[in-house]
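Structure file run39.txt (compact mmCIF, C-alpha atoms) is printed below.
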# COMPACT_ATOMS: atom_id res chain seq x y z
CA MET A 21 95.93 83.48 78.93
CA MET A 22 93.27 80.81 79.10
CA LYS A 23 94.03 78.22 81.72
CA LYS A 24 93.69 74.60 80.64
CA ALA A 25 93.56 71.86 83.21
CA ALA A 26 95.58 69.88 81.08
CA GLY A 27 99.00 71.26 80.50
CA LEU A 28 101.48 69.10 82.27
CA ALA A 29 104.16 70.71 84.30
CA LEU A 30 103.73 67.68 86.53
CA ALA A 31 105.66 68.71 89.58
CA LEU A 32 105.11 68.76 93.32
CA MET A 33 102.15 66.62 94.33
CA MET A 34 101.00 65.15 97.62
CA ALA A 35 99.13 61.87 97.93
CA LEU A 36 96.00 61.61 100.04
CA PRO A 37 96.12 59.02 102.83
CA LEU A 38 94.10 55.88 102.19
CA SER A 39 92.27 53.53 104.52
CA ALA A 40 90.91 50.13 103.58
CA GLY A 41 88.10 50.54 101.09
CA ALA A 42 87.68 54.25 101.74
CA ALA A 43 89.15 57.62 100.84
CA ASP A 44 90.31 60.07 103.49
CA PHE A 45 90.00 63.68 102.32
CA ALA A 46 91.80 65.99 104.70
CA ASN A 47 92.60 68.82 102.30
CA ARG A 48 89.88 71.11 103.67
CA LEU A 49 91.48 70.78 107.09
CA GLY A 50 94.72 72.42 106.03
CA ALA A 51 97.20 72.09 108.87
CA SER A 52 94.50 71.41 111.49
CA TYR A 53 92.46 68.42 112.60
CA SER A 54 89.26 69.96 113.87
CA ASP A 55 85.92 70.85 112.31
CA VAL A 56 85.78 74.18 114.18
CA SER A 57 89.36 75.40 113.77
CA VAL A 58 91.65 75.41 110.74
CA ARG A 59 94.91 76.94 109.57
CA GLY A 60 96.07 76.49 106.01
CA THR A 61 97.49 77.85 102.78
CA VAL A 62 95.53 78.10 99.54
CA LEU A 63 96.70 78.55 95.98
CA LYS A 64 94.62 81.30 94.41
CA GLY A 65 95.43 82.32 90.86
CA GLY A 66 99.06 81.28 91.25
CA ARG A 67 99.44 83.09 94.57
CA LEU A 68 99.69 81.69 98.11
CA VAL A 69 97.33 82.99 100.80
CA ASP A 70 97.74 81.93 104.45
CA PHE A 71 94.69 81.90 106.70
CA GLY A 72 93.50 80.86 110.15
CA ARG A 73 89.83 80.34 110.99
CA GLU A 74 87.52 79.42 113.84
CA VAL A 75 83.80 78.69 114.03
CA TRP A 76 82.06 80.53 116.86
CA GLY A 77 78.64 79.02 117.50
CA HIS A 78 76.27 77.90 114.76
CA GLY A 79 76.99 80.16 111.83
CA MET A 80 79.76 82.62 112.73
CA THR A 81 83.20 82.18 111.21
CA VAL A 82 86.10 84.43 112.21
CA GLU A 83 89.21 84.36 110.08
CA VAL A 84 92.58 86.06 109.63
CA GLN A 85 94.17 86.16 106.17
CA HIS A 86 97.46 87.24 104.68
CA GLY A 87 98.46 87.13 101.04
CA GLN A 88 102.14 86.25 100.94
CA GLY A 89 104.22 89.21 99.80
CA GLU A 90 101.53 91.70 100.84
CA GLU A 91 101.88 94.11 103.75
CA THR A 92 98.26 94.16 104.98
CA TRP A 93 96.61 91.42 107.03
CA TYR A 94 92.83 91.07 107.24
CA LEU A 95 90.24 89.93 109.75
CA HIS A 96 87.07 88.50 108.19
CA ILE A 97 83.92 88.04 110.31
CA GLN A 98 80.90 86.37 108.75
CA ASP A 99 77.63 85.26 110.35
CA LEU A 100 74.58 84.23 108.35
CA SER A 101 72.44 83.89 111.48
CA ARG A 102 72.59 87.54 112.61
CA GLU A 103 69.72 89.93 111.96
CA ARG A 104 70.39 93.51 110.98
CA GLY A 105 69.24 96.06 113.54
CA LYS A 106 69.42 93.61 116.40
CA ASN A 107 72.71 91.76 116.85
CA PHE A 108 74.93 93.20 114.10
CA PHE A 109 78.12 94.97 115.09
CA HIS A 110 80.72 96.93 113.13
CA ASP A 111 83.74 98.34 114.96
CA VAL A 112 85.57 95.80 117.12
CA THR A 113 88.26 95.96 119.80
CA LEU A 114 91.15 93.49 120.03
CA ALA A 115 92.86 93.63 123.40
CA ARG A 116 95.49 91.88 125.52
CA LYS A 117 96.08 93.17 129.03
CA GLU A 118 97.07 96.85 128.63
CA MET A 119 97.31 96.62 124.80
CA LYS A 120 94.21 97.62 122.84
CA TRP A 121 93.34 98.28 119.18
CA ASN A 122 90.01 99.61 117.88
CA ILE A 123 89.50 98.65 114.23
CA SER A 124 86.76 99.42 111.70
CA PRO A 125 85.54 97.35 108.74
CA LEU A 126 86.13 98.32 105.13
CA PRO A 127 83.33 100.64 103.91
CA GLU A 128 82.75 98.39 100.91
CA ASN A 129 82.77 94.63 101.20
CA PRO A 130 85.22 93.22 98.64
CA ASP A 131 83.63 89.76 98.93
CA THR A 132 81.79 89.63 95.63
CA THR A 133 80.65 86.02 96.09
CA PHE A 134 78.32 86.82 99.00
CA LEU A 135 74.84 87.24 97.52
CA ALA A 136 72.91 90.45 98.16
CA SER A 137 69.86 88.39 99.08
CA TYR A 138 71.68 87.26 102.25
CA THR A 139 71.27 89.78 105.05
CA GLY A 140 73.79 88.18 107.39
CA MET A 141 76.87 90.00 108.67
CA ASP A 142 79.95 89.87 106.43
CA LEU A 143 82.78 92.28 107.30
CA TRP A 144 86.48 92.68 106.45
CA TYR A 145 88.87 94.56 108.78
CA PRO A 146 92.43 95.61 107.87
CA LEU A 147 94.77 94.71 110.76
CA PRO A 148 97.44 97.33 111.65
CA LYS A 149 101.02 96.06 111.39
CA ASP A 150 101.76 96.80 115.05
CA LEU A 151 98.74 94.68 116.04
CA VAL A 152 99.99 91.76 113.91
CA ASP A 153 103.45 92.16 115.43
CA ALA A 154 101.98 92.14 118.94
CA MET A 155 99.98 88.97 118.29
CA SER A 156 103.01 87.32 116.73
CA ALA A 157 105.14 88.10 119.78
CA PHE A 158 102.45 87.56 122.44
CA PRO A 159 99.79 85.14 121.11
CA LYS A 160 98.07 84.42 124.44
CA ASP A 161 95.26 86.17 126.34
CA TRP A 162 93.64 88.07 123.45
CA LYS A 163 89.93 88.92 123.33
CA LEU A 164 87.58 90.46 120.74
CA THR A 165 84.76 92.73 121.92
CA ALA A 166 82.13 94.85 120.14
CA ARG A 167 78.97 96.83 120.81
CA LYS A 168 75.95 95.39 118.96
CA GLU A 169 73.30 97.53 117.31
CA ASP A 170 70.83 96.68 120.08
CA GLY A 171 73.22 98.22 122.61
CA LYS A 172 74.37 94.92 124.11
CA ASN A 173 77.99 93.83 124.25
CA PHE A 174 79.57 91.00 122.28
CA GLY A 175 82.76 89.28 123.38
CA HIS A 176 84.77 86.19 122.51
CA ASP A 177 88.17 84.71 123.29
CA PHE A 178 90.63 85.47 120.46
CA LYS A 179 93.73 83.66 121.72
CA ASN A 180 93.48 80.74 119.30
CA LEU A 181 93.25 83.04 116.30
CA ALA A 182 96.08 85.17 117.68
CA GLY A 183 98.10 81.96 117.90
CA LYS A 184 97.35 81.30 114.24
CA VAL A 185 98.51 84.83 113.38
CA SER A 186 101.77 84.12 115.19
CA LEU A 187 102.31 80.86 113.28
CA MET A 188 101.37 82.42 109.95
CA ASP A 189 103.79 85.28 110.56
CA LYS A 190 106.69 83.05 111.61
CA GLU A 191 105.99 80.02 109.37
CA PRO A 192 104.16 81.03 106.16
CA GLY A 193 103.02 78.08 104.08
CA ALA A 194 105.55 76.92 101.49
CA LEU A 195 102.97 74.84 99.62
CA PRO A 196 99.15 74.90 99.42
CA ASN A 197 97.49 72.37 101.72
CA TYR A 198 93.86 73.48 101.61
CA GLY A 199 91.27 73.40 98.84
CA PRO A 200 88.86 71.13 97.02
CA ALA A 201 89.51 67.42 96.51
CA TYR A 202 89.49 67.69 92.71
CA SER A 203 89.72 70.51 90.16
CA VAL A 204 89.24 70.24 86.38
CA TYR A 205 89.04 73.09 83.86
CA PHE A 206 86.59 73.00 80.92
CA PRO A 207 87.89 75.57 78.38
CA GLY A 208 85.22 77.36 76.39
CA GLU A 209 82.26 75.97 78.34
CA GLY A 210 79.90 77.93 80.61
CA PRO A 211 78.97 76.79 84.13
CA GLU A 212 75.37 75.90 83.22
CA GLU A 213 76.38 73.50 80.45
CA VAL A 214 79.05 71.87 82.60
CA GLN A 215 76.69 71.55 85.56
CA GLN A 216 74.05 69.81 83.44
CA ALA A 217 76.62 67.44 81.92
CA PHE A 218 77.93 66.52 85.39
CA LEU A 219 74.44 65.88 86.79
CA TYR A 220 73.56 63.79 83.74
CA HIS A 221 76.59 61.54 84.25
CA LEU A 222 76.21 61.35 88.03
CA ASN A 223 74.21 58.19 87.35
CA ASP A 224 75.21 55.49 84.88
CA ARG A 225 72.96 55.43 81.80
CA ASP A 226 71.40 52.70 79.65
CA GLU A 227 71.41 52.75 75.85
CA LYS A 228 68.34 55.03 75.84
CA GLY A 229 69.95 57.53 78.21
CA ASN A 230 67.88 56.59 81.25
CA PRO A 231 69.59 56.41 84.68
CA ILE A 232 70.50 52.97 85.99
CA SER A 233 69.77 52.06 89.61
CA TYR A 234 72.21 49.99 91.65
CA ASP A 235 70.26 49.70 94.91
CA GLY A 236 69.21 53.30 94.37
CA TYR A 237 70.09 56.47 92.47
CA TYR A 238 72.42 59.41 92.99
CA ARG A 239 70.16 62.35 93.82
CA TYR A 240 71.12 65.99 94.07
CA TYR A 241 70.33 69.51 95.19
CA GLN A 242 71.06 72.15 92.59
CA ARG A 243 71.48 75.92 92.42
CA GLU A 244 72.45 78.62 89.95
CA GLU A 245 74.42 81.87 90.25
CA PRO A 246 76.68 80.59 91.58
CA TYR A 247 76.28 77.18 90.01
CA ALA A 248 76.69 74.31 92.46
CA ALA A 249 75.23 70.94 93.37
CA GLU A 250 75.21 68.59 96.33
CA PHE A 251 74.70 64.87 95.74
CA ILE A 252 73.89 61.80 97.81
CA TYR A 253 73.37 58.10 97.01
CA ASP A 254 70.11 56.39 97.99
CA TYR A 255 71.92 53.31 99.24
CA TYR A 256 73.96 55.28 101.79
CA GLY A 257 71.35 57.92 102.54
CA SER A 258 73.02 61.05 103.93
CA THR A 259 76.05 59.17 105.26
CA TYR A 260 78.17 60.51 102.40
CA ASN A 261 77.69 63.80 100.60
CA GLY A 262 79.44 65.24 97.59
CA TYR A 263 79.62 68.94 96.77
CA VAL A 264 80.51 70.28 93.33
CA SER A 265 80.87 73.92 92.33
CA PHE A 266 81.21 75.41 88.85
CA TYR A 267 83.42 78.50 88.76
CA PRO A 268 83.60 80.56 85.52
CA GLU A 269 87.04 81.88 84.59
CA ASN A 270 88.63 83.09 81.35
CA GLY A 271 85.75 81.92 79.17
CA GLY A 272 85.68 78.42 80.66
CA THR A 273 84.58 76.71 83.86
CA TRP A 274 86.39 75.14 86.80
CA VAL A 275 84.71 72.08 88.32
CA ASP A 276 85.65 71.53 91.98
CA LEU A 277 84.65 68.43 93.97
CA ASP A 278 84.47 67.86 97.73
CA PHE A 279 83.28 64.93 99.84
CA TRP A 280 81.92 64.72 103.40
CA GLN A 281 80.75 62.14 105.92
CA ASN A 282 78.66 62.27 109.12
CA HIS A 283 76.88 65.61 109.16
CA VAL A 284 76.14 66.84 112.67
CA TYR A 285 73.19 69.07 111.90
CA ARG A 286 71.18 70.44 109.01
CA ASN A 287 68.90 73.36 109.83
CA SER A 288 67.22 76.06 107.81
CA ASN A 289 69.27 79.19 108.34
CA GLY A 290 66.47 81.59 107.50
CA PHE A 291 68.20 82.88 104.37
CA GLY A 292 66.87 80.46 101.77
CA GLY A 293 69.31 77.63 102.22
CA TYR A 294 70.81 75.06 104.54
CA TYR A 295 74.09 74.58 106.29
CA TYR A 296 76.15 71.68 107.54
CA SER A 297 78.66 71.10 110.24
CA SER A 298 80.60 68.03 109.27
CA THR A 299 83.44 65.75 110.21
CA VAL A 300 85.77 66.06 107.24
CA LEU A 301 88.69 63.77 108.08
CA THR A 302 86.78 60.51 107.59
CA GLY A 303 86.64 57.62 105.15
CA VAL A 304 84.26 58.10 102.24
CA LYS A 305 83.38 54.92 100.34
CA ASP A 306 85.46 54.45 97.21
CA GLU A 307 82.44 53.88 94.97
CA PHE A 308 80.96 57.23 96.06
CA VAL A 309 84.21 59.06 95.28
CA ASN A 310 84.64 57.17 92.01
CA GLN A 311 81.17 58.19 90.85
CA GLY A 312 81.93 61.87 91.41
CA TYR A 313 85.26 61.67 89.57
CA ARG A 314 83.67 59.64 86.79
CA ALA A 315 80.88 62.21 86.29
CA VAL A 316 83.51 64.92 85.75
CA GLU A 317 85.42 62.74 83.29
CA GLU A 318 82.32 61.76 81.30
CA ALA A 319 81.16 65.40 81.18
CA TYR A 320 84.60 66.36 79.85
CA TYR A 321 84.42 63.71 77.12
CA ASP A 322 81.00 65.03 76.12
CA LEU A 323 81.92 68.71 75.98
CA GLU A 324 85.64 68.89 75.12
CA ASN A 325 87.97 67.46 72.50
CA HIS A 326 90.21 65.25 74.61
CA PRO A 327 93.43 63.21 74.34
CA ASP A 328 93.67 59.43 74.14
CA TYR A 329 97.03 58.03 75.26
CA GLY A 330 96.14 54.40 74.65
CA ILE A 331 96.46 53.21 78.28
CA GLU A 332 93.57 51.97 80.39
CA LEU A 333 94.08 51.42 84.13
CA GLU A 334 92.67 48.75 86.39
CA GLY A 335 90.08 49.77 88.97
CA GLY A 336 88.44 53.10 89.69
CA PHE A 337 89.86 56.55 90.30
CA ASN A 338 90.51 55.88 93.97
CA LYS A 339 92.39 52.62 93.51
CA SER A 340 95.95 52.69 94.83
CA HIS A 341 99.01 52.00 92.66
CA PRO A 342 98.08 52.58 88.97
CA LYS A 343 98.27 49.32 87.03
CA VAL A 344 97.84 48.87 83.26
CA LYS A 345 94.66 47.00 82.31
CA SER A 346 95.05 47.29 78.54
CA VAL A 347 97.09 49.16 75.93
CA ASP A 348 96.12 50.17 72.39
CA THR A 349 99.31 49.51 70.44
CA ALA A 350 97.48 49.72 67.11
CA ALA A 351 96.80 53.44 67.60
CA HIS A 352 99.93 53.93 69.73
CA PRO A 353 102.87 51.92 68.33
CA GLU A 354 105.16 53.88 70.66
CA LEU A 355 103.65 51.83 73.51
CA SER A 356 104.79 48.45 72.19
CA ALA A 357 106.83 47.80 75.35
CA VAL A 358 103.84 48.37 77.65
CA GLN A 359 101.97 45.26 78.79
CA LYS A 360 98.98 44.44 80.94
CA GLY A 361 100.00 44.35 84.60
CA ASP A 362 102.77 46.96 84.35
CA TRP A 363 102.80 49.63 87.05
CA ILE A 364 102.85 53.39 86.30
CA LEU A 365 105.38 55.17 88.52
CA SER A 366 105.65 58.72 87.17
CA ILE A 367 104.49 61.02 84.38
CA ASN A 368 106.73 63.86 83.21
CA GLY A 369 108.85 63.39 86.31
CA ALA A 370 105.98 63.58 88.83
CA ASP A 371 105.30 60.64 91.13
CA VAL A 372 101.81 59.32 90.38
CA SER A 373 102.38 55.84 91.82
CA SER A 374 100.16 56.23 94.90
CA MET A 375 96.70 56.63 93.35
CA ASN A 376 94.91 56.05 90.07
CA TYR A 377 93.38 59.51 90.02
CA LEU A 378 96.81 61.15 89.73
CA ALA A 379 97.75 59.12 86.65
CA ARG A 380 94.26 59.40 85.15
CA TYR A 381 94.25 63.17 85.60
CA ALA A 382 97.32 63.38 83.35
CA LEU A 383 95.94 60.88 80.84
CA ASP A 384 92.51 62.57 80.70
CA TYR A 385 93.25 66.29 80.76
CA ALA A 386 96.62 66.83 79.08
CA ALA A 387 96.82 69.79 76.72
CA PRO A 388 96.37 69.05 72.99
CA GLY A 389 99.63 67.83 71.48
CA SER A 390 101.27 67.02 74.82
CA VAL A 391 103.70 64.10 74.89
CA LEU A 392 103.68 62.25 78.22
CA HIS A 393 107.02 60.91 79.42
CA ILE A 394 105.77 57.87 81.37
CA THR A 395 107.94 55.69 83.61
CA LEU A 396 106.55 52.21 84.25
CA LYS A 397 107.73 49.06 86.01
CA LYS A 398 107.50 45.38 85.12
CA ASP A 399 107.51 42.99 88.04
CA LYS A 400 110.29 40.87 86.55
CA THR A 401 112.49 43.24 84.56
CA GLY A 402 112.12 46.56 86.40
CA GLU A 403 111.63 50.14 85.25
CA TYR A 404 111.43 51.51 81.71
CA THR A 405 110.15 54.68 80.02
CA VAL A 406 107.94 55.45 77.03
CA ASP A 407 106.87 58.69 75.36
CA ALA A 408 103.10 58.49 74.85
CA LYS A 409 101.63 60.63 72.08
CA ALA A 410 98.07 61.92 72.15
CA VAL A 411 95.46 60.87 69.62
CA MET A 412 92.82 63.57 69.88
CA LYS A 413 89.20 62.50 70.18
CA GLU A 414 86.27 64.67 69.15
CA ARG A 415 83.84 65.64 71.88
CA ARG A 416 80.86 63.30 72.05
CA ARG A 417 78.23 66.05 71.83
CA PRO A 418 79.41 68.18 68.92
CA ASP A 419 75.92 69.61 68.39
CA GLY A 420 75.88 71.09 71.90
CA SER A 421 72.56 69.41 72.67
CA SER A 422 71.07 70.05 76.10
CA TYR A 423 70.72 67.58 78.98
CA LYS A 424 67.88 69.58 80.52
CA GLU A 425 64.96 67.55 79.14
CA GLN A 426 66.46 64.23 80.26
CA LEU A 427 67.32 65.59 83.73
CA GLU A 428 63.74 66.77 84.17
CA LYS A 429 62.49 63.36 83.05
CA ASP A 430 64.79 61.61 85.52
CA GLY A 431 63.17 63.35 88.50
CA LEU A 432 66.30 62.95 90.63
CA ARG A 433 66.58 66.57 91.74
CA SER A 434 65.60 67.04 95.39
CA LYS A 435 63.88 70.14 96.76
CA GLY A 436 66.15 72.60 98.51
CA THR A 437 69.58 74.07 97.88
CA PRO A 438 73.10 72.70 98.30
CA ALA A 439 74.85 73.03 101.65
CA GLN A 440 76.05 76.59 102.22
CA LEU A 441 78.10 77.05 105.37
CA ALA A 442 81.77 77.94 105.65
CA PRO A 443 84.21 76.58 106.60
CA TRP A 444 83.83 73.21 104.89
CA VAL A 445 81.56 74.12 102.01
CA PRO A 446 83.42 76.44 99.60
CA TYR A 447 80.38 78.51 98.64
CA HIS A 448 81.08 81.26 101.18
CA GLU A 449 84.84 81.00 101.23
CA THR A 450 86.71 83.97 99.84
CA PHE A 451 90.48 84.34 99.91
CA ALA A 452 92.28 87.63 99.31
CA PRO A 453 89.17 89.32 97.90
CA TRP A 454 90.94 92.69 97.76
CA ASP A 455 93.04 91.09 95.03
CA GLY A 456 89.96 90.26 92.93
CA GLU A 457 88.19 86.99 92.34
CA GLY A 458 90.23 83.93 91.56
CA HIS A 459 89.91 80.18 91.55
CA VAL A 460 91.25 78.17 94.50
CA MET A 461 92.96 75.10 93.08
CA ALA A 462 92.79 71.58 94.50
CA PRO A 463 96.25 71.20 96.13
CA GLU A 464 96.70 67.63 94.91
CA PHE A 465 96.63 68.73 91.28
CA ARG A 466 98.39 72.09 91.36
CA GLY A 467 101.38 70.70 89.46
CA LEU A 468 99.22 69.25 86.70
CA VAL A 469 97.73 72.56 85.56
CA LYS A 470 99.44 74.94 83.21
Mind turning the file's structure into structure tokens?
Amino acid sequence: MMKKAAGLALALMMALPLSAGAADFANRLGASYSDVSVRGTVLKGGRLVDFGREVWGHGMTVEVQHGQGEETWYLHIQDLSRERGKNFFHDVTLARKEMKWNISPLPENPDTTFLASYTGMDLWYPLPKDLVDAMSAFPKDWKLTARKEDGKNFGHDFKNLAGKVSLMDKEPGALPNYGPAYSVYFPGEGPEEVQQAFLYHLNDRDEKGNPISYDGYYRYYQREEPYAAEFIYDYYGSTYNGYVSFYPENGGTWVDLDFWQNHVYRNSNGFGGYYYSSTVLTGVKDEFVNQGYRAVEEAYYDLENHPDYGIELEGGFNKSHPKVKSVDTAAHPELSAVQKGDWILSINGADVSSMNYLARYALDYAAPGSVLHITLKKDKTGEYTVDAKAVMKERRRPDGSSYKEQLEKDGLRSKGTPAQLAPWVPYHETFAPWDGEGHVMAPEFRGLVK
């Protein structure tokens, strides 16, 4: 069944914390608060997957994963900086005092998102149940060792990851807490068309379609197969970076947004791209976040028939406490009780009172024909409820015309490729690959997708 980021089973949602004038995005930290260590739970295709991960050096990520309800656990070791024939390794040993397990990688790598052009090491190891049980019971003093292809030994402390195994075994995640900051599904559109529409709307446009500069432009790095882009704003330089990926699924495309601040290093990794190490739990300027959200919304209006519920909100996407700016009672007589200045509290039973983007997600991407049960509040008279009906709007580009010529004319594409290093950039992340590919949903919006 085709997924539509629009059906509203508006249920469990978590609000992102907010600081003055800035957005704090912690969702790619899961249950951790470090840029080199993370434990979390992702929602992949309606299924929960627990994982724990560490970064060892500049390029190696070591991770344990367990799909809830599955018997097998997996160890995933990935390193883009290693050269085959020199410092690769295959079989590894996990040991604690007198306990020792020798494990071998799967003969075929199930990670289908790792490009063949990358020669770095990327291995998956099934973990025996008795090893998982031992780590769960005794999480301290573990070490991983291996013999490299050049005959030298490799070794690293494994106690932190063993501790994550213990926590994952005893306290599996009840709800997803890790994933992109924003996820929207474009039914019936391919990733190339959606990518071009997003990049076109990344900058505001004049009546002739030319980009407008407000102390600079939004510029971007772009790639294909997989389709992704990284964007920055001239005014802030590289202080803030946005990352957007375009994931094809069921004949349509998922758009996923992430935001970062304060990159520690950017070096060529020798495999045709770049990588970042970044501090994720930081405040990103509201206007930067708003521009990314707005580009998704405008692209959706261009490419998809979309609902109009007659309510416009004050402020941008990242404004707290949704407040009505205007209401179209001519097209929506059912909204006669709604007035400017009223507050939106919930939609279809879900609390959306914390942030504009929660309410706007429902108003923008509801499934055709959906009726929104909206609870609002007047400052003087208190709460009341209306049932808002959708008036469907035709997509703005019915002819399917391309943005390519205008984007080339703009000249805002920078040389190079988008950032490409796990853990914070989702390009290399793969969860439960033995279960097939599947989209990882932004946890904030999991209850708004049907």
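Each of A:Tyr241, A:Tyr202, A:Tyr267, A:Trp93 was compared to Val309 (chain A) using only C-alpha atoms, and A:Tyr202 turns out to be the nearest.
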*asked:* If we count all atoms listed in the file and set the cut-off at 9 Å, which residues sit around Asn261 (chain A), ignoring sequence neighbours fewer than 4 positions away in its own chain? Please answer as a PyMOL selection string.
replied: chain A and resi 250-253+257+278-283+304+308
Separating CA of Pro127 (chain A) from CA of Phe266 (chain A), to the nearest tenth of an Å, is a gap of 29.5 Å
Shortest contact to Thr437 (chain A), candidates A:Val264, A:Ile394, A:Ala249, A:Val58, atoms counted only C-alpha atoms, goes to A:Ala249
Which residues come within 7 Å of region 388-390 of chain A, counting only C-alpha atoms, excluding same-chain residues fewer than 5 positions away, as a ChimeraX atom specification? /A:327,409-410
Query raised in the report: What's the 6 Å shell around region 365-379 of chain A, counting all atoms listed in the file, without same-chain residues fewer than 3 positions away, as a ChimeraX atom specification?
Result: /A:30-31,337-342,382,393-396
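Nearest-residue note for His110 (chain A): choosing from A:Asp235, A:Glu191, A:Asp322, A:Asp142, the minimum distance belongs to A:Asp142, counting all atoms listed in the file.
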**Request:** Measure the distance from CA of Phe465 (chain A) to CA of Leu383 (chain A) in Å and round it to one decimal.
**Result:**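 Computing it gives 13.1 Å between the two atoms.
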task = May I have the residues within 10 Å of Gly89 (chain A) as number ranges by chain, using all atoms listed in the file and disregarding those fewer than 3 positions away in the same chain?
result = A: 67-69, 86, 92
What separates CA of Ile331 (chain A) and CA of Val204 (chain A) is a distance of 20.2 Å
